[in-house]
Each structure stands twice: as C-alpha cells, then as structure tokens.
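Heads up: the structure comes next, in structure tokens.
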Amino acid sequence: MTKDDLLLIRDFTSTDEKREIAGDFGYQKDTVSAVIRGDRRVTDDNKPMFDKLLEKAKENQEQKQLQK
C-alpha cells in the first residue's frame, strides 16, 4: 500500500464508506484515518480492509471522471 494509494482512499471515499468497510472488517473508521495520517501502519491483519477501500476509491474516482 503506497502513500498514493492511501491518498486515493482519503480523497475518493466518503466517511460513510470508510466507516462501513472498516466495520465489515471489525475495525473503526479511526483506524483508517490513523493509517492515512501515518500514525499507524497497514498490517497483515488490516490489509484486506485497505484493499477493499482502495477498490472502492478507484471505482469512485472512475465514476467522477466519467461525469466530467
């Protein structure tokens, strides 16, 4: 997970999307925010959650570009 990936998650997922996906994996939205800020790291345990968030961020980015 690169810094660019984390910025994509930050910029192209809503708070509700972060909360919902984090909850699906047993985490709080605060965990996502902490990793994006650099206070915590992506680990083997939370990587599946970040993979899902990145997938959602890319979908949202694509949708936004199609609207232009």
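Each chain in the structure tokens gets a letter, A, B and so on, in the order shown; residues start at 1 in every chain, and ligands are counted from 1 in the order they appear.
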
Check your understanding: Neighbours of A:Asp11 within 9 Å (only C-alpha atoms; same-chain residues fewer than 4 positions away dropped), as a list in words?
Key -> Leu6, Leu7, Ala57 and Gln61 of chain A

Exercise for review: Would you please extract all alpha helix (DSSP H) residues from chain A, as assigned by DSSP on the backbone, and give them as a PyMOL selection string?
Suggested key: chain A and resi 3-12+15-24+29-37+47-67

Practice item. Identify which of the residues A:Asp5, A:Leu53, A:Lys58, A:Arg40 lies closest to A:Glu20, counting only C-alpha atoms when measuring atom-to-atom distances. Key: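 For A:Glu20, the nearest of the given residues is A:Leu53.
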
Review point. What is the atom CA of A:Met49 to atom CA of A:Tyr27 distance in Å?
Key: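 Going from atom CA of A:Met49 over to atom CA of A:Tyr27 covers 8.6 Å.
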
Point to revise | Shell of 10 Å around A:Arg41, only C-alpha atoms, local chain residues under 6 positions omitted, as a VMD selection string | key: chain A and resid 1 31 to 32 34 to 35 47

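Distances from A:Arg10, A:Lys64, A:Asp4, A:Asn46 to A:Gln28 were compared using only C-alpha atoms, and the smallest one belongs to A:Asn46.
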
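In this comparison, which uses only C-alpha atoms, the residue of A:Lys68, A:Arg37, A:Lys56, A:Lys3 approaching A:Ile21 most closely is A:Lys56.
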